[in-house]
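Asker: Got coords-v5.cif for you, mmCIF, C-alpha atoms:
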```cif
data_model
#
loop_
_atom_site.label_atom_id
_atom_site.label_comp_id
_atom_site.auth_asym_id
_atom_site.auth_seq_id
_atom_site.Cartn_x
_atom_site.Cartn_y
_atom_site.Cartn_z
CA MET J 24 10.99 -11.31 7.56
CA GLU J 25 13.17 -9.16 9.75
CA VAL J 26 12.02 -6.45 12.12
CA LEU J 27 14.42 -3.63 12.84
CA TYR J 28 13.14 -0.68 14.85
CA ASN J 29 15.12 1.89 16.81
CA GLU J 30 13.31 3.42 19.77
CA PHE J 31 15.55 6.46 19.39
CA MET J 32 14.69 6.98 15.71
CA ILE J 33 13.11 10.39 16.39
CA THR J 34 16.48 11.90 17.25
CA PHE J 35 17.30 12.41 13.58
CA PHE J 36 14.47 14.95 13.28
CA LEU J 37 16.30 17.25 15.65
CA VAL J 38 19.10 17.82 13.15
CA GLY J 39 16.74 18.51 10.25
CA LEU J 40 17.41 15.49 8.06
CA LEU J 41 14.92 15.12 5.21
CA VAL J 42 14.74 13.02 2.06
CA TYR J 43 13.42 14.07 -1.36
CA GLN J 44 12.80 12.14 -4.56
CA ASN J 45 13.41 13.17 -8.15
CA ALA J 46 12.61 10.27 -10.51
CA ASP J 47 15.08 7.50 -9.56
CA THR J 48 17.19 9.71 -7.27
CA LEU J 49 16.83 10.07 -3.51
CA GLN J 50 18.38 13.25 -2.14
CA PHE J 51 19.13 13.66 1.58
CA THR J 52 19.37 17.14 3.08
CA ASP J 53 20.38 18.64 6.41
CA GLN J 54 19.37 22.25 6.99
CA ASP J 55 18.78 22.63 3.22
CA SER J 56 22.26 21.32 2.36
CA VAL J 57 22.54 18.11 0.33
CA VAL J 58 24.47 15.53 2.37
CA ASP J 59 23.96 12.38 0.28
CA ILE J 60 22.36 10.97 -2.87
CA ILE J 61 21.13 7.47 -3.71
CA ILE J 62 20.44 6.55 -7.34
CA LEU J 63 18.10 3.58 -7.71
CA GLU J 64 19.41 1.96 -10.85
CA ASP J 65 18.25 -1.33 -12.35
CA GLU J 66 21.02 -3.84 -13.02
CA ASP J 67 21.61 -7.14 -14.77
CA TYR J 68 21.28 -10.10 -12.42
CA SER J 69 21.89 -13.06 -14.70
CA ASP J 70 22.64 -12.87 -18.40
CA SER J 71 21.92 -16.56 -18.93
CA LEU J 72 18.40 -16.30 -17.49
CA GLY J 73 17.73 -12.79 -18.70
CA GLN J 74 16.98 -11.53 -15.20
CA ILE J 75 17.41 -8.01 -13.87
CA VAL J 76 17.15 -6.37 -10.45
CA VAL J 77 14.49 -3.65 -10.54
CA ARG J 78 14.80 -0.88 -7.93
CA ARG J 79 12.13 1.68 -7.10
CA GLY J 80 11.74 4.22 -4.31
CA ARG J 81 9.00 6.20 -2.63
CA VAL J 82 9.21 9.12 -0.17
CA SER J 83 6.61 10.16 2.40
CA GLU J 84 4.84 13.51 1.97
CA ASP J 85 6.60 14.94 5.05
CA HIS J 86 10.00 13.79 3.64
CA MET J 87 10.86 12.00 6.88
CA TYR J 88 10.62 8.42 5.57
CA TYR J 89 11.30 6.48 2.41
CA LEU J 90 11.09 2.96 1.09
CA ILE J 91 13.12 1.02 -1.42
CA TYR J 92 11.56 -1.78 -3.43
CA GLU J 93 13.74 -4.40 -5.10
CA ALA J 94 12.61 -7.23 -7.35
CA VAL J 95 14.48 -9.83 -9.34
CA GLN J 96 12.52 -9.88 -12.57
CA ALA J 97 12.61 -12.30 -15.48
CA GLY J 98 11.69 -10.61 -18.75
CA ASP J 99 9.24 -7.73 -18.62
CA GLU J 100 6.67 -9.12 -16.22
CA GLU J 101 7.51 -12.11 -14.04
CA VAL J 102 8.85 -11.31 -10.56
CA VAL J 103 11.09 -14.04 -9.13
CA HIS J 104 11.99 -12.45 -5.78
CA SER J 105 10.90 -9.21 -4.12
CA LYS J 106 11.82 -7.14 -1.08
CA ILE J 107 10.68 -3.86 0.46
CA SER J 108 12.76 -1.88 2.98
CA PHE J 109 11.47 1.03 5.09
CA TYR J 110 13.82 3.76 6.38
CA ASP J 111 13.75 7.08 8.15
CA ALA J 112 15.56 10.04 6.60
CA GLY J 113 18.59 9.23 8.74
CA LYS J 114 18.89 5.93 6.79
CA ASN J 115 17.91 3.84 9.79
CA LEU J 116 16.26 0.60 8.63
CA LEU J 117 12.87 0.37 10.38
CA TRP J 118 11.37 -2.64 8.63
CA GLU J 119 12.23 -5.12 5.92
CA GLU J 120 9.89 -7.62 4.28
CA LEU J 121 10.74 -10.39 1.82
CA GLY J 122 8.31 -11.95 -0.63
CA GLN J 123 7.96 -15.69 -0.14
CA GLU J 124 7.95 -18.35 -2.85
CA GLY J 125 5.05 -17.73 -5.18
CA ARG J 126 4.11 -14.51 -3.34
CA ASN J 127 5.32 -11.10 -4.55
CA ILE J 128 5.35 -7.69 -2.93
CA SER J 129 3.48 -5.10 -4.99
CA TYR J 130 5.29 -1.78 -5.42
CA ASP J 131 2.20 -0.04 -6.82
CA PHE J 132 0.01 -1.14 -3.91
CA SER J 133 2.54 -0.36 -1.16
CA GLY J 134 3.50 3.02 0.24
CA ILE J 135 3.96 5.38 3.19
CA TYR J 136 1.08 7.28 4.78
CA ASP J 137 1.66 9.60 7.74
CA GLY J 138 4.74 7.61 8.75
CA ILE J 139 2.92 4.28 8.38
CA LEU J 140 4.31 1.67 6.00
CA VAL J 141 1.67 -0.26 4.04
CA VAL J 142 2.55 -3.41 2.11
CA THR J 143 0.53 -5.55 -0.31
CA ILE J 144 1.64 -9.09 -1.15
CA TRP J 145 -0.12 -11.35 -3.68
CA ASP J 146 0.44 -14.26 -6.01
CA ARG J 147 1.98 -14.06 -9.48
CA LEU J 148 -1.43 -13.38 -11.00
CA SER J 149 -1.95 -10.38 -8.66
CA SER J 150 -4.67 -12.34 -6.84
CA ASP J 151 -5.16 -13.68 -3.30
CA PRO J 152 -3.76 -10.55 -1.62
CA SER J 153 -2.54 -9.94 1.89
CA PHE J 154 -2.14 -6.42 3.26
CA PHE J 155 -0.40 -5.20 6.39
CA VAL J 156 0.80 -1.97 7.96
CA VAL J 157 3.78 -1.17 10.16
CA LYS J 158 3.21 1.59 12.70
CA ASP J 159 5.72 2.40 15.46
CA GLY J 160 7.47 -0.89 14.79
CA GLU J 161 4.31 -3.01 15.15
CA LYS J 162 2.99 -5.08 12.25
CA VAL J 163 -0.79 -5.19 11.89
CA GLU J 164 -2.27 -7.67 9.40
CA ILE J 165 -5.35 -6.03 7.87
CA ILE J 166 -6.07 -8.46 5.03
CA GLU J 167 -5.02 -12.08 5.44
CA GLU J 168 -4.10 -14.34 2.56
CA GLY J 169 -7.21 -16.13 1.30
CA GLU J 170 -9.67 -13.53 2.60
CA TRP J 171 -10.26 -11.81 -0.75
CA GLN J 172 -9.75 -12.99 -4.30
CA GLN J 173 -8.74 -9.57 -5.63
CA LEU J 174 -7.67 -6.20 -4.27
CA LEU J 175 -8.36 -3.53 -6.88
CA ASP J 176 -7.83 -0.29 -4.98
CA TYR J 177 -7.50 1.18 -1.51
CA ARG J 178 -7.49 4.53 0.26
CA VAL J 179 -6.01 5.66 3.57
CA SER J 180 -7.55 8.54 5.51
CA PRO J 181 -5.27 11.60 5.84
CA ASN J 182 -4.74 10.88 9.55
CA GLY J 183 -3.63 7.30 8.79
CA GLN J 184 -6.30 5.65 10.94
CA TYR J 185 -8.89 4.37 8.46
CA PHE J 186 -8.42 2.07 5.47
CA LEU J 187 -10.99 1.50 2.74
CA PHE J 188 -10.50 -1.25 0.16
CA TYR J 189 -12.21 -2.07 -3.11
CA THR J 190 -12.17 -5.87 -3.33
CA ARG J 191 -13.78 -8.77 -5.20
CA ASN J 192 -14.80 -12.27 -4.20
CA PRO J 193 -16.72 -15.11 -5.85
CA ARG J 194 -20.26 -15.74 -4.64
CA ASN J 195 -22.85 -18.10 -6.11
CA GLY J 196 -20.67 -18.74 -9.13
CA LYS J 197 -20.17 -15.05 -9.98
CA THR J 198 -17.68 -12.34 -9.06
CA TRP J 199 -18.93 -9.56 -6.80
CA ASP J 200 -17.66 -6.13 -5.76
CA TYR J 201 -17.14 -5.40 -2.07
CA LEU J 202 -16.03 -2.57 0.16
CA TYR J 203 -13.83 -3.56 3.07
CA PHE J 204 -13.13 -1.07 5.88
CA TYR J 205 -10.57 -1.29 8.68
CA ASP J 206 -10.07 1.00 11.68
CA LEU J 207 -6.44 0.89 12.77
CA GLY J 208 -7.38 2.58 16.06
CA ASP J 209 -9.77 0.01 17.52
CA ARG J 210 -9.00 -2.83 15.04
CA ARG J 211 -12.63 -3.10 13.94
CA ASP J 212 -13.75 -3.79 10.39
CA TRP J 213 -16.80 -4.21 8.18
CA ASP J 214 -17.54 -5.12 4.58
CA TYR J 215 -20.32 -4.27 2.16
CA LEU J 216 -21.49 -6.34 -0.80
CA PHE J 217 -22.60 -4.34 -3.83
CA PRO J 218 -26.00 -5.51 -5.12
CA ILE J 219 -24.84 -6.00 -8.73
CA CYS J 220 -22.15 -8.57 -9.56
CA MET J 221 -19.13 -7.98 -11.80
CA SER J 222 -20.34 -10.78 -14.07
CA CYS J 223 -23.36 -8.55 -14.76
CA LYS J 224 -20.96 -5.93 -16.19
CA ARG J 225 -20.73 -3.53 -13.30
CA GLY J 226 -18.08 -0.85 -13.87
CA TRP J 227 -15.29 0.57 -11.74
CA VAL J 228 -16.05 1.83 -8.22
CA ASP J 229 -14.18 4.91 -6.94
CA ILE J 230 -13.59 5.06 -3.19
CA ASN J 231 -12.64 7.63 -0.54
CA VAL J 232 -12.40 7.76 3.26
CA ASP J 233 -12.01 10.81 5.52
CA ASP J 234 -10.52 11.48 8.96
CA ASP J 235 -13.86 10.71 10.65
CA GLY J 236 -13.99 7.24 9.10
CA ARG J 237 -16.84 8.17 6.73
CA SER J 238 -16.48 6.20 3.50
CA GLU J 239 -17.71 6.99 0.02
CA ALA J 240 -18.17 4.67 -2.97
CA ILE J 241 -18.98 6.18 -6.36
CA TYR J 242 -20.33 4.23 -9.32
CA LYS J 243 -21.57 5.98 -12.49
CA GLY J 244 -22.64 9.09 -10.57
CA GLU J 245 -24.20 7.12 -7.71
CA HIS J 246 -22.66 8.01 -4.35
CA ARG J 247 -22.98 5.75 -1.33
CA ILE J 248 -21.95 7.19 2.04
CA PHE J 249 -21.14 4.91 4.98
CA SER J 250 -20.59 5.71 8.64
CA ARG J 251 -17.45 4.62 10.45
CA GLY J 252 -19.38 1.62 11.71
CA GLY J 253 -20.45 0.57 8.21
CA VAL J 254 -24.01 1.89 8.20
CA LEU J 255 -25.18 2.99 4.74
CA GLU J 256 -26.30 6.53 5.61
CA GLU J 257 -27.01 8.04 2.21
CA ILE J 258 -27.38 7.27 -1.49
CA PHE J 259 -27.56 10.10 -4.02
CA MET J 260 -26.89 10.75 -7.68
CA LYS J 261 -24.71 13.38 -9.34
CA LEU J 262 -24.96 14.00 -13.04
CA GLN J 263 -21.62 13.42 -14.75
#
```
Please express the file's structure as structure tokens.
Answerer:
Amino acid sequence: MEVLYNEFMITFFLVGLLVYQNADTLQFTDQDSVVDIIILEDEDYSDSLGQIVVRRGRVSEDHMYYLIYEAVQAGDEEVVHSKISFYDAGKNLLWEELGQEGRNISYDFSGIYDGILVVTIWDRLSSDPSFFVVKDGEKVEIIEEGEWQQLLDYRVSPNGQYFLFYTRNPRNGKTWDYLYFYDLGDRRDWDYLFPICMSCKRGWVDINVDDDGRSEAIYKGEHRIFSRGGVLEEIFMKLQ
């Protein structure tokens, strides 16, 4: 892993540089004029092994940051090596993370939220996840490897402070659903075990978290509302 962070990175905002995405094309503008274009094309890596380099990009909602994901892929599924790079719109590299042997970076479960880079890394079966964020050049490990068996979904509050995860772990020989909450402001967390296990054919749980740290979990019309501190404040039903 390499950390690259420029304390003067904000200077590029003064000249109006922004980045936009259209499919596999990143377009850089200055005062509404296009100044550069990057096309994220896949390419052959090794004909003998049938490997390709897959490239994907993602741009923040404010168009001030972007990331580029690269993976050496064998066939349609297996990822051999992976890397994610985080930039500002002035093309300054702010962070770069490499997947380690047997551990791959997930493009689908990584992104940019309010200028914060979030990265998910897991094994080749998409299990045993780790999850970290990079904010102002500081890496904060939110989920450590070995803490959860599966990460199925997550949400970030609009202000970028609160993280809510839908996870699973084994317990008493069965697989159970959990909520896991993390406050990036005070570094506090809590988790909640659902009372019905996945082995008992529970369905999917939808999750949300707001700017006050209030979390919501929805299962078959049943809504559970939690306070920022993890107190179950309300349970109610809505007909679907």
Asker: Hey, what's within 9 Å of Tyr130 (chain J) if we count only C-alpha atoms and toss same-chain stuff fewer than 2 positions away? As a PDB file with C-alpha atoms, keeping the file's coordinate frame, please?
Answerer:
```
ATOM      1  CA  ARG J  79      12.130   1.680  -7.100  1.00  0.00           C
ATOM      2  CA  GLY J  80      11.740   4.220  -4.310  1.00  0.00           C
ATOM      3  CA  TYR J  92      11.560  -1.780  -3.430  1.00  0.00           C
ATOM      4  CA  GLU J  93      13.740  -4.400  -5.100  1.00  0.00           C
ATOM      5  CA  ILE J 107      10.680  -3.860   0.460  1.00  0.00           C
ATOM      6  CA  ILE J 128       5.350  -7.690  -2.930  1.00  0.00           C
ATOM      7  CA  PHE J 132       0.010  -1.140  -3.910  1.00  0.00           C
ATOM      8  CA  SER J 133       2.540  -0.360  -1.160  1.00  0.00           C
ATOM      9  CA  GLY J 134       3.500   3.020   0.240  1.00  0.00           C
ATOM     10  CA  VAL J 142       2.550  -3.410   2.110  1.00  0.00           C
ATOM     11  CA  THR J 143       0.530  -5.550  -0.310  1.00  0.00           C
TER      12      THR J 143
END
```
Asker: From the options J:Trp213, J:Ser129, J:Arg191, J:Tyr89, which residue's atoms come nearest to Ser105 (chain J), counting all atoms listed in the file?
Answerer: J:Ser129
Asker: Evaluate the PyMOL selection byres ((chain J and resi 111) around 7) here and jot the selected residues down as a VMD selection string.
Answerer: chain J and resid 87 to 89 110 112 to 116
Asker: May I have the residues from that selection written out with C-alpha atoms, as a compact mmCIF listing (two decimals), in the coordinates of the input?
Answerer:
```txt
# COMPACT_ATOMS: atom_id res chain seq x y z
CA MET J 87 10.86 12.00 6.88
CA TYR J 88 10.62 8.42 5.57
CA TYR J 89 11.30 6.48 2.41
CA TYR J 110 13.82 3.76 6.38
CA ALA J 112 15.56 10.04 6.60
CA GLY J 113 18.59 9.23 8.74
CA LYS J 114 18.89 5.93 6.79
CA ASN J 115 17.91 3.84 9.79
CA LEU J 116 16.26 0.60 8.63
```
Asker: Leaving out region 164-180 of chain J and any residue of its chain fewer than 3 positions from it, which residues lie within 9 Å of it when counting only C-alpha atoms, given as a VMD selection string?
Answerer: chain J and resid 132 136 143 to 145 149 to 157 183 to 193 205 207 210 229 to 236
Asker: Kindly give the distance, in Å, that separates CA of Ile60 (chain J) and CA of Gln96 (chain J), rounded to a single decimal.
Answerer: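 These two atoms are separated by 25.0 Å.
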Asker: Please return, as an MDAnalysis selection string, all polymer residues that have at least one atom within 10 Å of the point (7.2, 15.2, 6.3); use all atoms listed in the file and the file's own coordinate frame.
Answerer: chainID J and resid 41:43 82:88 112 137:138
Asker: To one decimal place, how far is CA of Thr48 (chain J) from CA of Glu120 (chain J) in Å?
Answerer: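 Result for CA of Thr48 (chain J) versus CA of Glu120 (chain J): 22.1 Å, one decimal.
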Asker: Run the PyMOL selection byres ((chain J and resi 227) around 9) against the file shown and list the residues it catches, as a PyMOL selection string.
Answerer: chain J and resi 225-226+228-229+241-243
Asker: By how many Å are CA of Ile61 (chain J) and CA of Leu49 (chain J) apart?
Answerer: 5.0 Å
Asker: List the residues matched by the PyMOL selection byres ((chain J and resi 95) around 12) in the displayed structure as a PyMOL selection string, ordered by chain and then by residue number.
Answerer: chain J and resi 65-69+72-79+92-94+96-106+121-122+127-128
Asker: Using C-alpha atoms, give me region 44-122 of chain J from the structure I just pasted, as a tab-separated table (two decimals), in the first residue's frame.
Answerer:
```tsv
chain	number	residue	atom	x	y	z
J	44	GLN	CA	-18.11	10.19	-16.39
J	45	ASN	CA	-19.90	8.84	-19.44
J	46	ALA	CA	-19.74	5.03	-19.49
J	47	ASP	CA	-16.01	4.18	-19.75
J	48	THR	CA	-14.91	7.77	-20.44
J	49	LEU	CA	-13.71	10.31	-17.88
J	50	GLN	CA	-13.96	13.90	-19.08
J	51	PHE	CA	-12.07	16.72	-17.34
J	52	THR	CA	-13.33	20.29	-17.63
J	53	ASP	CA	-12.08	23.73	-16.67
J	54	GLN	CA	-14.65	26.52	-16.71
J	55	ASP	CA	-16.94	24.29	-18.84
J	56	SER	CA	-14.20	23.63	-21.42
J	57	VAL	CA	-12.98	20.06	-21.92
J	58	VAL	CA	-9.26	19.91	-21.15
J	59	ASP	CA	-8.64	16.14	-21.16
J	60	ILE	CA	-10.26	12.73	-21.62
J	61	ILE	CA	-9.36	9.32	-20.21
J	62	ILE	CA	-10.88	6.20	-21.77
J	63	LEU	CA	-10.83	3.19	-19.44
J	64	GLU	CA	-10.37	0.34	-21.87
J	65	ASP	CA	-9.85	-3.31	-21.00
J	66	GLU	CA	-6.79	-4.91	-22.58
J	67	ASP	CA	-5.19	-8.30	-23.09
J	68	TYR	CA	-2.61	-9.09	-20.43
J	69	SER	CA	-1.44	-12.56	-21.38
J	70	ASP	CA	-2.68	-14.55	-24.35
J	71	SER	CA	-1.19	-17.79	-23.04
J	72	LEU	CA	-3.08	-17.57	-19.73
J	73	GLY	CA	-6.15	-15.89	-21.14
J	74	GLN	CA	-5.87	-12.95	-18.75
J	75	ILE	CA	-7.10	-9.41	-19.29
J	76	VAL	CA	-6.74	-6.11	-17.43
J	77	VAL	CA	-10.19	-4.82	-16.48
J	78	ARG	CA	-10.48	-1.06	-15.88
J	79	ARG	CA	-13.44	0.70	-14.28
J	80	GLY	CA	-13.99	4.22	-13.01
J	81	ARG	CA	-16.27	6.07	-10.63
J	82	VAL	CA	-16.79	9.82	-10.10
J	83	SER	CA	-18.02	11.57	-6.96
J	84	GLU	CA	-21.39	13.33	-7.04
J	85	ASP	CA	-19.71	16.75	-6.75
J	86	HIS	CA	-17.37	15.86	-9.67
J	87	MET	CA	-14.30	16.77	-7.63
J	88	TYR	CA	-12.90	13.25	-7.18
J	89	TYR	CA	-12.68	10.00	-9.09
J	90	LEU	CA	-11.30	6.52	-8.69
J	91	ILE	CA	-9.88	4.01	-11.12
J	92	TYR	CA	-10.14	0.30	-10.45
J	93	GLU	CA	-7.85	-2.15	-12.23
J	94	ALA	CA	-7.91	-5.93	-12.00
J	95	VAL	CA	-5.98	-8.64	-13.77
J	96	GLN	CA	-8.69	-11.18	-14.46
J	97	ALA	CA	-8.46	-14.78	-15.64
J	98	GLY	CA	-11.53	-15.80	-17.63
J	99	ASP	CA	-14.84	-14.19	-16.73
J	100	GLU	CA	-14.67	-14.35	-12.95
J	101	GLU	CA	-11.37	-14.98	-11.20
J	102	VAL	CA	-9.41	-11.88	-10.15
J	103	VAL	CA	-5.65	-12.46	-9.95
J	104	HIS	CA	-4.52	-8.95	-8.91
J	105	SER	CA	-6.46	-5.79	-8.10
J	106	LYS	CA	-5.74	-2.12	-7.44
J	107	ILE	CA	-7.78	0.99	-6.68
J	108	SER	CA	-6.46	4.54	-7.13
J	109	PHE	CA	-8.13	7.70	-5.78
J	110	TYR	CA	-7.61	11.10	-7.45
J	111	ASP	CA	-8.86	14.65	-7.30
J	112	ALA	CA	-10.10	16.31	-10.49
J	113	GLY	CA	-6.64	17.80	-10.98
J	114	LYS	CA	-5.33	14.21	-11.41
J	115	ASN	CA	-3.42	14.31	-8.14
J	116	LEU	CA	-3.10	10.78	-6.72
J	117	LEU	CA	-4.47	10.87	-3.16
J	118	TRP	CA	-4.45	7.18	-2.29
J	119	GLU	CA	-3.59	3.85	-3.85
J	120	GLU	CA	-4.38	0.40	-2.49
J	121	LEU	CA	-3.24	-2.98	-3.80
J	122	GLY	CA	-5.02	-6.26	-3.19
```
